[in-house]
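Structure file start21.txt (compact mmCIF, C-alpha atoms) is printed below.
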# COMPACT_ATOMS: atom_id res chain seq x y z
CA MET P 1 142.92 142.43 128.92
CA SER P 2 142.10 141.06 125.52
CA GLY P 3 145.21 141.11 123.36
CA PHE P 4 148.67 139.72 123.65
CA GLU P 5 150.45 141.46 126.53
CA PRO P 6 153.90 140.64 127.89
CA ILE P 7 152.21 138.85 130.76
CA CYS P 8 150.38 136.67 128.21
CA GLU P 9 153.72 135.63 126.83
CA LYS P 10 154.68 134.42 130.29
CA CYS P 11 151.33 132.68 130.55
CA GLU P 12 151.97 130.92 127.24
CA GLU P 13 155.29 129.67 128.62
CA ARG P 14 153.49 128.31 131.65
CA LEU P 15 150.72 126.51 129.85
CA GLN P 16 152.22 123.04 129.90
CA PRO P 17 153.77 123.18 133.39
CA TYR P 18 150.48 124.61 134.70
CA LEU P 19 148.38 121.80 133.24
CA ASP P 20 150.97 119.24 134.31
CA ARG P 21 150.95 120.67 137.85
CA GLU P 22 154.64 121.42 137.78
CA LEU P 23 154.46 125.07 138.83
CA SER P 24 155.38 126.26 142.30
CA GLU P 25 152.52 127.47 144.45
CA THR P 26 153.40 131.13 143.76
CA GLU P 27 153.65 130.59 140.00
CA ARG P 28 150.38 128.71 139.96
CA LEU P 29 148.54 131.47 141.81
CA GLU P 30 150.06 134.08 139.53
CA ALA P 31 148.88 132.13 136.49
CA GLU P 32 145.40 131.74 137.95
CA VAL P 33 145.02 135.43 138.71
CA HIS P 34 145.95 136.22 135.14
CA LEU P 35 143.73 133.53 133.64
CA GLU P 36 140.76 134.83 135.58
CA GLU P 37 140.99 138.24 133.95
CA CYS P 38 142.45 137.38 130.55
CA GLU P 39 140.04 135.85 128.08
CA TYR P 40 142.79 135.61 125.47
CA CYS P 41 144.85 133.20 127.57
CA GLY P 42 141.79 131.52 129.09
CA LYS P 43 140.60 130.40 125.67
CA ARG P 44 143.99 129.03 124.78
CA TYR P 45 144.24 127.10 128.03
CA ARG P 46 140.78 125.62 127.56
CA PHE P 47 141.71 124.73 124.00
CA GLU P 48 144.78 122.88 125.26
CA ILE P 49 142.68 120.84 127.67
CA SER P 50 140.23 119.87 124.90
CA LEU P 51 143.12 119.12 122.56
CA ARG P 52 144.78 116.76 125.02
CA ARG P 53 141.54 114.90 125.51
CA TYR P 54 141.01 114.77 121.77
CA VAL P 55 144.55 113.53 121.04
CA ARG P 56 144.09 110.76 123.55
CA SER P 57 140.79 109.59 122.10
CA ALA P 58 142.08 109.81 118.52
CA CYS P 59 145.19 107.82 119.37
CA CYS P 60 143.41 105.13 121.35
CA SER P 61 140.75 104.34 118.80
CA GLU P 62 142.36 101.16 117.46
CA GLU P 63 141.60 98.10 119.52
CA MET P 64 143.57 94.90 119.66
CA SER P 65 142.13 92.13 117.50
CA PRO P 66 140.67 89.03 119.20
CA GLU P 67 143.14 86.97 117.15
CA LEU P 68 146.08 88.72 118.72
CA LYS P 69 144.54 88.29 122.14
CA ALA P 70 144.21 84.55 121.53
CA LYS P 71 147.81 84.37 120.30
CA LEU P 72 149.05 86.05 123.44
CA ALA P 73 147.11 83.65 125.63
CA ASN P 74 148.72 80.78 123.72
CA LEU P 75 152.17 82.09 124.56
CA ARG P 76 151.57 81.26 128.20
CA ILE P 77 153.95 78.72 129.59
CA ALA P 78 152.03 77.75 132.69
CA ASP P 79 148.89 75.64 132.38
CA MET X 1 161.33 62.35 152.22
CA ALA X 2 160.79 65.66 154.00
CA GLU X 3 163.06 67.28 151.44
CA ALA X 4 161.02 65.96 148.54
CA GLU X 5 157.91 67.33 150.17
CA THR X 6 159.45 70.82 150.49
CA ASP X 7 160.51 70.67 146.88
CA ALA X 8 157.04 69.70 145.79
CA ARG X 9 155.55 72.54 147.80
CA ARG X 10 158.03 75.01 146.36
CA LEU X 11 157.18 73.89 142.82
CA ALA X 12 153.49 74.22 143.49
CA THR X 13 153.96 77.74 144.82
CA GLU X 14 156.03 78.69 141.85
CA ALA X 15 153.48 77.28 139.42
CA ARG X 16 150.76 79.26 141.14
CA ASP X 17 152.80 82.49 141.05
CA ARG X 18 153.49 81.94 137.41
CA VAL X 19 149.84 81.48 136.50
CA ARG X 20 148.99 84.62 138.42
CA PHE X 21 151.74 86.55 136.68
CA GLU X 22 150.55 85.43 133.25
CA GLU X 23 146.95 86.28 133.99
CA GLU X 24 147.82 89.74 135.26
CA ALA X 25 150.04 90.40 132.25
CA LEU X 26 147.31 89.32 129.83
CA GLU X 27 144.80 91.63 131.50
CA LEU X 28 147.03 94.54 130.52
CA ALA X 29 147.28 93.51 126.87
CA ASP X 30 144.77 96.07 125.57
CA GLN X 31 146.68 98.91 127.18
CA VAL X 32 150.01 97.56 126.00
CA PHE X 33 148.70 97.28 122.45
CA ARG X 34 147.38 100.85 122.44
CA VAL X 35 150.76 102.23 123.37
CA ALA X 36 152.59 99.91 120.97
CA ARG X 37 150.32 100.96 118.14
CA ARG X 38 151.50 104.58 118.47
CA LEU X 39 155.17 103.70 118.84
CA VAL X 40 155.45 101.94 115.48
CA PRO X 41 154.11 102.92 112.06
CA SER X 42 151.80 100.01 111.25
CA ARG X 43 149.26 97.79 112.93
CA GLU X 44 151.13 94.66 111.82
CA GLU X 45 154.34 95.84 113.44
CA ALA X 46 152.49 96.73 116.62
CA GLU X 47 150.97 93.22 116.73
CA ASP X 48 154.39 91.58 116.20
CA LEU X 49 155.94 93.78 118.83
CA VAL X 50 153.25 92.97 121.39
CA GLN X 51 153.64 89.24 120.70
CA GLU X 52 157.40 89.40 121.12
CA THR X 53 156.94 91.39 124.29
CA TYR X 54 154.64 88.79 125.82
CA ALA X 55 156.82 85.91 124.68
CA ARG X 56 159.79 87.50 126.40
CA ALA X 57 157.77 88.51 129.48
CA PHE X 58 156.50 84.96 129.97
CA ARG X 59 160.02 83.58 129.61
CA SER X 60 161.59 86.03 132.04
CA TRP X 61 158.74 86.30 134.52
CA ARG X 62 161.09 85.55 137.41
CA SER X 63 162.81 88.88 136.97
CA TYR X 64 159.54 90.69 137.71
CA THR X 65 159.18 91.70 141.37
CA PRO X 66 155.60 91.04 142.51
CA GLY X 67 153.87 94.15 143.78
CA THR X 68 155.79 96.48 141.46
CA ASN X 69 154.30 98.10 138.39
CA LEU X 70 153.71 95.29 135.89
CA ARG X 71 152.44 97.60 133.16
CA ALA X 72 155.67 99.61 133.29
CA TRP X 73 157.71 96.39 133.39
CA LEU X 74 156.00 95.14 130.22
CA MET X 75 156.40 98.50 128.55
CA ARG X 76 160.09 98.51 129.28
CA ILE X 77 160.47 95.15 127.52
CA LEU X 78 158.45 96.51 124.62
CA THR X 79 160.45 99.70 124.15
CA ASN X 80 163.74 97.78 124.41
CA LEU X 81 162.59 95.29 121.78
CA ASN X 82 161.48 98.17 119.61
CA ILE X 83 164.91 99.77 119.81
CA ASP X 84 166.79 96.46 119.37
CA ARG X 85 164.92 95.55 116.25
CA GLY X 86 165.61 98.92 114.73
CA ARG X 87 161.92 99.12 114.04
CA ARG X 88 161.87 102.84 114.50
CA GLU X 89 161.32 104.38 111.12
CA GLN X 90 164.36 106.11 109.75
CA ARG X 91 164.08 109.84 109.72
CA ALA X 92 166.22 112.15 107.70
CA PRO X 93 168.89 113.11 110.24
CA ASP X 94 168.88 116.77 109.32
CA THR X 95 165.16 117.49 109.63
CA GLN X 96 164.77 119.93 112.47
CA PRO X 97 161.31 119.59 113.87
CA MET X 98 159.23 122.72 113.60
CA GLU X 99 158.51 123.94 117.09
CA GLU X 100 156.38 126.97 117.84
CA GLY X 101 154.99 128.41 121.05
CA ASP X 102 152.12 126.75 122.87
CA TYR X 103 149.46 129.13 121.52
CA PHE X 104 150.53 128.62 117.91
CA LEU X 105 147.98 125.98 116.90
CA TYR X 106 145.05 127.87 118.41
CA ASN X 107 146.14 131.10 116.76
CA ARG X 108 146.46 129.47 113.36
CA LEU X 109 143.12 127.73 113.60
CA GLU X 110 141.38 130.87 114.80
CA GLU X 111 142.87 132.87 111.93
CA ALA X 112 141.94 130.23 109.38
CA THR X 113 138.41 129.56 110.55
CA GLY X 114 137.35 132.87 112.02
CA ALA X 115 135.78 130.88 114.84
CA ASP X 116 136.69 131.78 118.37
CA ASP X 117 135.05 128.99 120.27
CA GLU X 118 137.72 126.66 121.55
CA GLU X 119 135.53 123.55 121.55
CA ARG X 120 134.49 124.10 117.97
CA ILE X 121 138.04 124.85 116.92
CA VAL X 122 139.30 121.55 118.30
CA GLU X 123 136.70 119.73 116.25
CA ARG X 124 138.24 121.13 113.08
CA LEU X 125 141.01 118.61 113.54
CA SER X 126 140.23 115.14 112.25
CA GLN X 127 141.23 112.06 114.22
CA ASP X 128 143.30 110.90 111.26
CA SER X 129 145.20 114.16 111.13
CA ILE X 130 146.10 113.78 114.80
CA VAL X 131 147.39 110.24 114.32
CA GLU X 132 149.33 111.39 111.26
CA ALA X 133 150.77 114.44 113.03
CA LEU X 134 151.89 112.30 115.97
CA SER X 135 153.68 109.92 113.63
CA ASN X 136 155.63 112.90 112.25
CA VAL X 137 156.98 113.86 115.67
CA PRO X 138 160.63 112.69 116.08
CA HIS X 139 160.66 109.41 117.97
CA ASP X 140 162.40 110.60 121.14
CA PHE X 141 159.72 113.21 121.65
CA ARG X 142 156.97 110.93 120.49
CA ASP X 143 157.87 108.13 122.90
CA ALA X 144 157.44 110.58 125.78
CA ILE X 145 154.06 111.77 124.49
CA VAL X 146 152.84 108.23 123.86
CA LEU X 147 153.85 106.99 127.31
CA VAL X 148 152.59 109.96 129.32
CA ASP X 149 149.64 111.35 127.36
CA ILE X 150 148.32 108.14 125.83
CA GLY X 151 149.66 105.42 128.13
CA ASP X 152 149.03 107.36 131.36
CA PHE X 153 152.47 106.64 132.76
CA SER X 154 153.89 109.10 135.27
CA TYR X 155 157.10 110.98 134.44
CA GLN X 156 158.92 108.71 136.84
CA GLU X 157 157.62 105.58 135.14
CA ALA X 158 158.34 106.96 131.68
CA ALA X 159 161.88 107.82 132.80
CA GLN X 160 162.41 104.23 133.96
CA ILE X 161 160.90 102.75 130.82
CA LEU X 162 163.03 104.91 128.52
CA ASP X 163 166.06 104.77 130.82
CA VAL X 164 166.59 108.54 130.84
CA PRO X 165 166.46 111.11 133.67
CA ILE X 166 163.05 112.46 134.62
CA GLY X 167 164.02 115.98 133.49
CA THR X 168 164.68 114.58 130.02
CA VAL X 169 161.21 113.05 129.91
CA MET X 170 159.67 116.39 130.86
CA SER X 171 161.59 118.40 128.32
CA ARG X 172 160.92 115.85 125.54
CA LEU X 173 157.27 115.84 126.45
CA HIS X 174 156.95 119.63 126.41
CA ARG X 175 158.89 120.05 123.20
CA GLY X 176 157.16 117.08 121.63
CA ARG X 177 153.71 118.53 122.32
CA ARG X 178 154.76 121.80 120.71
CA VAL X 179 156.06 119.95 117.66
CA LEU X 180 152.80 118.00 117.54
CA LYS X 181 150.82 121.23 117.56
CA SER X 182 152.99 122.72 114.82
CA GLU X 183 152.41 119.58 112.73
CA LEU X 184 148.68 119.81 113.34
CA ALA X 185 148.64 123.47 112.35
CA GLU X 186 150.46 122.64 109.16
CA ALA X 187 148.08 119.81 108.35
CA ALA X 188 144.96 121.85 109.14
CA VAL X 189 145.72 125.17 107.52
CA GLY X 190 148.87 124.65 105.45
CA ASP X 191 152.17 126.37 106.05
CA GLU X 192 152.02 129.08 103.42
CA SER X 193 152.29 132.04 105.76
Whole structure given in structure tokens:
Amino acid sequence: MSGFEPICEKCEERLQPYLDRELSETERLEAEVHLEECEYCGKRYRFEISLRRYVRSACCSEEMSPELKAKLANLRIAD
Amino acid sequence: MAEAETDARRLATEARDRVRFEEEALELADQVFRVARRLVPSREEAEDLVQETYARAFRSWRSYTPGTNLRAWLMRILTNLNIDRGRREQRAPDTQPMEEGDYFLYNRLEEATGADDEERIVERLSQDSIVEALSNVPHDFRDAIVLVDIGDFSYQEAAQILDVPIGTVMSRLHRGRRVLKSELAEAAVGDES
């Protein structure tokens, strides 16, 4: 399989629940059988995994300033 | 005499618990800041929000139950403060977020670049465009993405922090990720077709 078949549509629907481990055992196996033989869907699943990693690193690139850290420590009530 | 001694011991225990609470809370500050930074539009606002969160947390430390999830407890204070202060940016009420299927972004990038290597295609997106696209996602969806995908909170924790049912977190997360991908597609290849 190389193009967009009806089963690929179902696979597209299952992309997020699959990666989030929300599928039932049967659904998961069904998805895996399809992914093994369908390069079209396989690429898109691998892309999603890379994208999630990339989003996380892009969105976590700003660090807290040492000034803010010092301010927070000064808010402590105990001594 | 014996009573005064018990009181003194109780105070000492409380002081020690409090110091421990404050130290543990401060150790989480980097993680709290990272999440805060993506919940509000500017760095300054994120810094203010984190300060207010810690000020409130230190004042109300007694309401924290030791042994429970402190990071989620802090985050709940933070999201409540964020809502109370009306810091969320105002969005035009009638903008319906664009939401395509989950393959949409890949398809658009593949079309536009002619590349079909998924690693290379992901690199076509700049870090800035991702941050920008996330800020364009409606806040209900975005909060779910920020807590789960960036803050590493479980659905259950995110549901408690946002005070919504777990099913709502999941549907906001799924829809939010699709909106995010539509926004990224638009930013990367335009929306002319």
- Item | Residue neighbourhood Leu26 in chain X, 9 Å, all atoms listed in the file, exclusion window fewer than 2 positions, as a PyMOL selection string | (chain P and resi 69+72-73) or (chain X and resi 21-24+28-30+54)
File dump, residues just selected, C-alpha atoms, as a PDB file, keeping the file's coordinate frame:
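Saved file result03.pdb follows:
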ATOM      1  CA  LYS P  69     144.540  88.290 122.140  1.00  0.00           C
ATOM      2  CA  LEU P  72     149.050  86.050 123.440  1.00  0.00           C
ATOM      3  CA  ALA P  73     147.110  83.650 125.630  1.00  0.00           C
TER       4      ALA P  73
ATOM      5  CA  PHE X  21     151.740  86.550 136.680  1.00  0.00           C
ATOM      6  CA  GLU X  22     150.550  85.430 133.250  1.00  0.00           C
ATOM      7  CA  GLU X  23     146.950  86.280 133.990  1.00  0.00           C
ATOM      8  CA  GLU X  24     147.820  89.740 135.260  1.00  0.00           C
ATOM      9  CA  LEU X  28     147.030  94.540 130.520  1.00  0.00           C
ATOM     10  CA  ALA X  29     147.280  93.510 126.870  1.00  0.00           C
ATOM     11  CA  ASP X  30     144.770  96.070 125.570  1.00  0.00           C
ATOM     12  CA  TYR X  54     154.640  88.790 125.820  1.00  0.00           C
TER      13      TYR X  54
END
- Two-atom distance - CA of Ala144 in chain X, CA of Leu173 in chain X (Å): 5.3 Å
- Message: Can you work out which residues from chain P touch chain X at a cut-off of 8 Å (counting all atoms listed in the file) and hand them back as a PyMOL selection string?
- Response: chain P and resi 12-13+15-16+43-44+46-47+50-52+54-56+58-60+62-64+68-69+71-73+75-79
- Message: Taking only C-alpha atoms into account, name the residue in P:Tyr45, P:Glu39, P:Glu67, P:Ser61 that is nearest to Arg14 in chain P.
- Response: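 Closest residue, counting only C-alpha atoms: P:Tyr45.
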- Message: Just to confirm, what's the straight-line distance from CA of Arg142 in chain X to CA of Gly176 in chain X in Å (one decimal)?
- Response: 6.3 Å
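Remark: for Leu19 in chain P, the closest of the candidate residues P:Gly42, P:Leu35, P:Glu48, P:Ile7 is P:Glu48 (distances computed over only C-alpha atoms).
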